[in-house]
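> Here it is, the structure in full.
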There are 2 protein chains.
Amino acid sequence: MLFRQLLDPETSTYTYLVADPIFGEAALIDPVLEQVDRDLTLVKELGLTLTHVLETHVHADHVTGAGLLRERTGCQVVASMKGASCVNVHVRHGEQVRVGGLAFWVLATPGHTDDSLSYLVGDCLFTGDALLVRGTGRTDFQNGDAGQLYDSITRVLFLLPDETRVYPAHDYQGRMMTTLGEEKRFNPRLAGKDRAAFIQLMSGLHLPPPRNLELAVSANRACGLPAELSQH
Amino acid sequence: MLFRQLLDPETSTYTYLVADPIFGEAALIDPVLEQVDRDLTLVKELGLTLTHVLETHVHADHVTGAGLLRERTGCQVVASMKGASCVNVHVRHGEQVRVGGLAFWVLATPGHTDDSLSYLVGDCLFTGDALLVRGTGRTDFQNGDAGQLYDSITRVLFLLPDETRVYPAHDYQGRMMTTLGEEKRFNPRLAGKDRAAFIQLMSGLHLPPPRNLELAVSANRACGLPAELSQH
């Protein structure tokens, strides 16, 4: 498996290139609109064909590159049944997306948003904004639900092996990854906290809204393409 | 080998935690002063002991965390014979630094600065500011020398296998790593360029000086510790 983690410094968003070098097929997870040229250059230089964009959810803090990547490459855009209608392939919990010989297992992990998915390929788990490094996504907009997020993390993600490598959609302290074992032990929102305590903690955060919330969500419901924006 | 890449977002500096989980011994490559707490927390949570800080060179764009890490943990600080006098262990080309069962091979790769080292452990090569992703370090201060940098890259680093994974000290476009094979083929400063063309290219860059050049270099000559600054 060929793997590259990429950062959009402006929004601290991680994009992942995951490819099967034998088949030459590649997926981008959570691409950012402003980084489409960078990402396509890398795909090309590595001799790959972009076949899929996998979205973990409708993002509120950056505009997706999915629509533009589809326009340029003809790739499939994959997201939750509950997500943006502009995508090609709507998936649900337990389904599989095949990229060359790689199988991406779809795990429904709602709570940050109601359409949040995680993807598992090998021992790599892409958690979007559900589970972060020593943190979690917020749950105070876009149909977020703290109890649901607690269940997604503790009853879905934490059932995987402790050694599972966790790649989140963001980190604001420059940490690139973690493992499920670490998060069980050291995540201050989860370790030693039951569901009620987690809900109480999340309801007391009082975070400011993301800078570009309205703009980003409406753009992302159109896969980031202004031309499609009017249709949705 | 346990491996973590970490970013200082302010200066786009990558720090690397490389450890032998069997022996429980860890090295930090190019730590940043402002991130010492983050890095030591991670070392502790992973059940490791920090035994070494490896510096690739005296940096001009951020202040090293080496001195503070040594103060807090008693670790060894390793750098070039030509680097800061505050370090404990001065190394030269071809020497080895052992961290648990891991061997870090020291490669002298001057040109960005005269004290620039790269470190090779397994198939991971930490190149500091010598070789970057699709770029190189600049060569216009701190005894930089474009011809020397060309030689370091093409006659030292490029002799290693193409599959060698390259981890630089910086990237300003959110790319975390590359391989030697990619850089041979796609690095715009090197691919298809001879020594004279590289020297010409580098002499025409006319880059602005780093924001904190004077401050950073003098602080780093004292391993980043103000208390030691007066002694050096």
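Identifiers in this document derive from the order of the structure tokens: chains are assigned A, B, ..., residues are numbered from 1 separately in each chain, and ligands are numbered from 1 in order of occurrence.
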Counting only C-alpha atoms, which residues of chain A sit at most 6 Å from some atom of chain B, and what is each one's closest atom pair with its distance in Å to one decimal, listed by chain and rising residue number, as CSV?

residue,atom,partner,partner_atom,distance
A:Leu6,CA,B:Arg175,CA,5.1
A:Leu7,CA,B:Gly174,CA,4.2
A:Asp8,CA,B:Gly174,CA,5.9
A:Gly174,CA,B:Leu7,CA,4.2
A:Arg175,CA,B:Leu6,CA,5.1
> Using DSSP on the backbone coordinates, identify the residues of stretch 77-217 of chain A assigned to strand (DSSP E); present them as number ranges by chain.
A: 77-80, 89-91, 96-99, 102-108, 117-121, 124-128, 131-132, 135-136, 165-168, 178-179
> If we count only C-alpha atoms, what is near B:Leu102 at a cut-off of 8 Å, once residues fewer than 3 positions away on the same chain are taken out, given as a list of chain:residue names?
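Everything that qualifies: B:Met1, B:Ala19, B:Asp20, B:Arg98, B:Val99, B:Val121.
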> Could you state the separation of atom CA of B:Cys223 and atom CA of B:Asp61 in Å, given to one decimal place?
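That distance, rounded to one decimal, is 13.8 Å.
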> According to DSSP computed on the backbone, where in stretch 29-120 of chain B is there helix (DSSP H, G or I)? Give the residues as a list in words.
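Selecting the helix (DSSP H, G or I) positions of stretch 29-120 of chain B gives Leu33, Glu34, Gln35, Val36, Asp37, Arg38, Asp39, Leu40, Thr41, Leu42, Val43, Lys44, Glu45, Ala66, Gly67, Leu68, Leu69, Arg70, Glu71, Arg72 and Thr73 of chain B.
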> Out of B:Gly144, B:Gly122, B:Gly204, B:Pro21, which residue has the shortest atom-to-atom distance to B:Leu2 when counting only C-alpha atoms?
B:Pro21
> Env of stretch 62-79 of chain B: 7 Å cut, atoms = only C-alpha atoms, seq-sep filter 2 positions within chain, self excluded. Answer as a PyMOL selection string.
chain B and resi 11+30-33+36+50-57+59-60+81+83+87-91+216+219-220+223-225
> Next, the residues of the selection above should be written as a JSON list (two decimals), in the first residue's frame with N, CA and C atoms.

[["chain", "number", "residue", "atom", "x", "y", "z"],
["B", 11, "THR", "N", 6.64, 27.49, 12.14],
["B", 11, "THR", "CA", 7.84, 27.56, 11.30],
["B", 11, "THR", "C", 7.87, 26.45, 10.25],
["B", 30, "ASP", "N", 15.66, 17.12, 15.39],
["B", 30, "ASP", "CA", 15.30, 18.52, 15.17],
["B", 30, "ASP", "C", 14.07, 18.98, 15.97],
["B", 31, "PRO", "N", 14.13, 18.84, 17.29],
["B", 31, "PRO", "CA", 13.00, 19.34, 18.10],
["B", 31, "PRO", "C", 12.98, 20.87, 18.12],
["B", 32, "VAL", "N", 11.78, 21.41, 18.32],
["B", 32, "VAL", "CA", 11.56, 22.87, 18.34],
["B", 32, "VAL", "C", 11.24, 23.30, 19.77],
["B", 33, "LEU", "N", 11.87, 24.39, 20.20],
["B", 33, "LEU", "CA", 11.75, 24.83, 21.59],
["B", 33, "LEU", "C", 10.31, 24.92, 22.06],
["B", 36, "VAL", "N", 8.48, 21.52, 23.08],
["B", 36, "VAL", "CA", 9.11, 20.57, 24.00],
["B", 36, "VAL", "C", 8.08, 19.88, 24.89],
["B", 50, "LEU", "N", 13.62, 9.31, 26.52],
["B", 50, "LEU", "CA", 14.38, 10.07, 25.51],
["B", 50, "LEU", "C", 15.86, 9.97, 25.83],
["B", 51, "THR", "N", 16.59, 9.31, 24.94],
["B", 51, "THR", "CA", 18.04, 9.16, 25.20],
["B", 51, "THR", "C", 18.87, 10.10, 24.32],
["B", 52, "HIS", "N", 18.32, 10.52, 23.17],
["B", 52, "HIS", "CA", 19.11, 11.34, 22.24],
["B", 52, "HIS", "C", 18.27, 12.42, 21.56],
["B", 53, "VAL", "N", 18.87, 13.57, 21.37],
["B", 53, "VAL", "CA", 18.39, 14.55, 20.38],
["B", 53, "VAL", "C", 19.41, 14.57, 19.26],
["B", 54, "LEU", "N", 18.95, 14.40, 18.03],
["B", 54, "LEU", "CA", 19.82, 14.46, 16.87],
["B", 54, "LEU", "C", 19.52, 15.75, 16.11],
["B", 55, "GLU", "N", 20.53, 16.59, 15.97],
["B", 55, "GLU", "CA", 20.35, 17.83, 15.21],
["B", 55, "GLU", "C", 20.92, 17.63, 13.81],
["B", 56, "THR", "N", 20.15, 18.05, 12.80],
["B", 56, "THR", "CA", 20.71, 17.97, 11.44],
["B", 56, "THR", "C", 21.66, 19.14, 11.17],
["B", 57, "HIS", "N", 21.43, 20.27, 11.82],
["B", 57, "HIS", "CA", 22.33, 21.42, 11.64],
["B", 57, "HIS", "C", 21.91, 22.54, 12.59],
["B", 59, "HIS", "N", 20.05, 25.50, 13.03],
["B", 59, "HIS", "CA", 18.93, 26.03, 12.26],
["B", 59, "HIS", "C", 18.89, 27.56, 12.29],
["B", 60, "ALA", "N", 18.30, 28.12, 11.23],
["B", 60, "ALA", "CA", 18.22, 29.58, 11.13],
["B", 60, "ALA", "C", 16.79, 30.09, 11.21],
["B", 81, "MET", "N", 30.51, 17.82, 14.12],
["B", 81, "MET", "CA", 31.75, 18.41, 14.62],
["B", 81, "MET", "C", 31.79, 19.91, 14.33],
["B", 83, "GLY", "N", 29.25, 21.93, 14.14],
["B", 83, "GLY", "CA", 28.06, 22.61, 14.60],
["B", 83, "GLY", "C", 28.27, 23.30, 15.94],
["B", 87, "VAL", "N", 26.68, 20.98, 22.22],
["B", 87, "VAL", "CA", 26.17, 19.60, 22.17],
["B", 87, "VAL", "C", 27.14, 18.68, 22.90],
["B", 88, "ASN", "N", 26.64, 17.49, 23.26],
["B", 88, "ASN", "CA", 27.44, 16.50, 23.99],
["B", 88, "ASN", "C", 28.28, 15.63, 23.09],
["B", 89, "VAL", "N", 27.66, 15.28, 21.95],
["B", 89, "VAL", "CA", 28.28, 14.27, 21.11],
["B", 89, "VAL", "C", 28.46, 14.86, 19.71],
["B", 90, "HIS", "N", 29.70, 15.09, 19.34],
["B", 90, "HIS", "CA", 29.98, 15.57, 17.99],
["B", 90, "HIS", "C", 30.29, 14.37, 17.11],
["B", 91, "VAL", "N", 29.60, 14.30, 15.98],
["B", 91, "VAL", "CA", 29.76, 13.12, 15.12],
["B", 91, "VAL", "C", 30.26, 13.54, 13.74],
["B", 216, "ALA", "N", 17.82, 33.12, 15.88],
["B", 216, "ALA", "CA", 17.78, 31.66, 15.88],
["B", 216, "ALA", "C", 19.19, 31.08, 15.89],
["B", 219, "ALA", "N", 20.88, 31.59, 19.25],
["B", 219, "ALA", "CA", 20.24, 30.74, 20.26],
["B", 219, "ALA", "C", 20.60, 29.27, 20.04],
["B", 220, "ASN", "N", 20.63, 28.85, 18.79],
["B", 220, "ASN", "CA", 20.89, 27.44, 18.50],
["B", 220, "ASN", "C", 22.35, 27.07, 18.76],
["B", 223, "CYS", "N", 22.28, 25.68, 21.99],
["B", 223, "CYS", "CA", 21.28, 24.61, 22.14],
["B", 223, "CYS", "C", 19.91, 25.13, 22.55],
["B", 224, "GLY", "N", 19.67, 26.42, 22.31],
["B", 224, "GLY", "CA", 18.34, 26.97, 22.58],
["B", 224, "GLY", "C", 18.11, 27.39, 24.01],
["B", 225, "LEU", "N", 19.14, 27.33, 24.83],
["B", 225, "LEU", "CA", 18.98, 27.69, 26.24],
["B", 225, "LEU", "C", 19.59, 29.06, 26.51]]
> List as a Markdown table every residue of stretch 98-126 of chain B that is in contact with stretch 149-165 of chain B, defined as an atom at most 6 Å from one of its atoms (using only C-alpha atoms), together with the nearest atom pair and the distance in Å rounded to one decimal, sorted by chain and then rising number.

| residue | atom | partner | partner_atom | distance |
| --- | --- | --- | --- | --- |
| B:Thr109 | CA | B:Ser152 | CA | 4.7 |
| B:Pro110 | CA | B:Leu149 | CA | 5.8 |
| B:Gly111 | CA | B:Leu149 | CA | 3.8 |
| B:Asp123 | CA | B:Thr164 | CA | 5.0 |
| B:Cys124 | CA | B:Arg165 | CA | 4.8 |
| B:Leu125 | CA | B:Arg165 | CA | 5.9 |
> Go through B:Thr136, B:Ala130, B:Pro208, B:Tyr119 one by one, measure the shortest atom-to-atom distance of each to B:Ala103 using only C-alpha atoms, and give the residue with the smallest value.
B:Tyr119
> Nearest residue to A:Thr49 out of A:Gly100, A:Gly128, A:Gly94, A:Pro210, using only C-alpha atoms?
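Looking only at the distances to A:Thr49, the closest residue turns out to be A:Gly100.
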> Please, what distance in Å, to one decimal, runs between atom CA of A:Gly24 and atom CA of A:Pro168?
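Here the two named atoms are 24.7 Å from each other.
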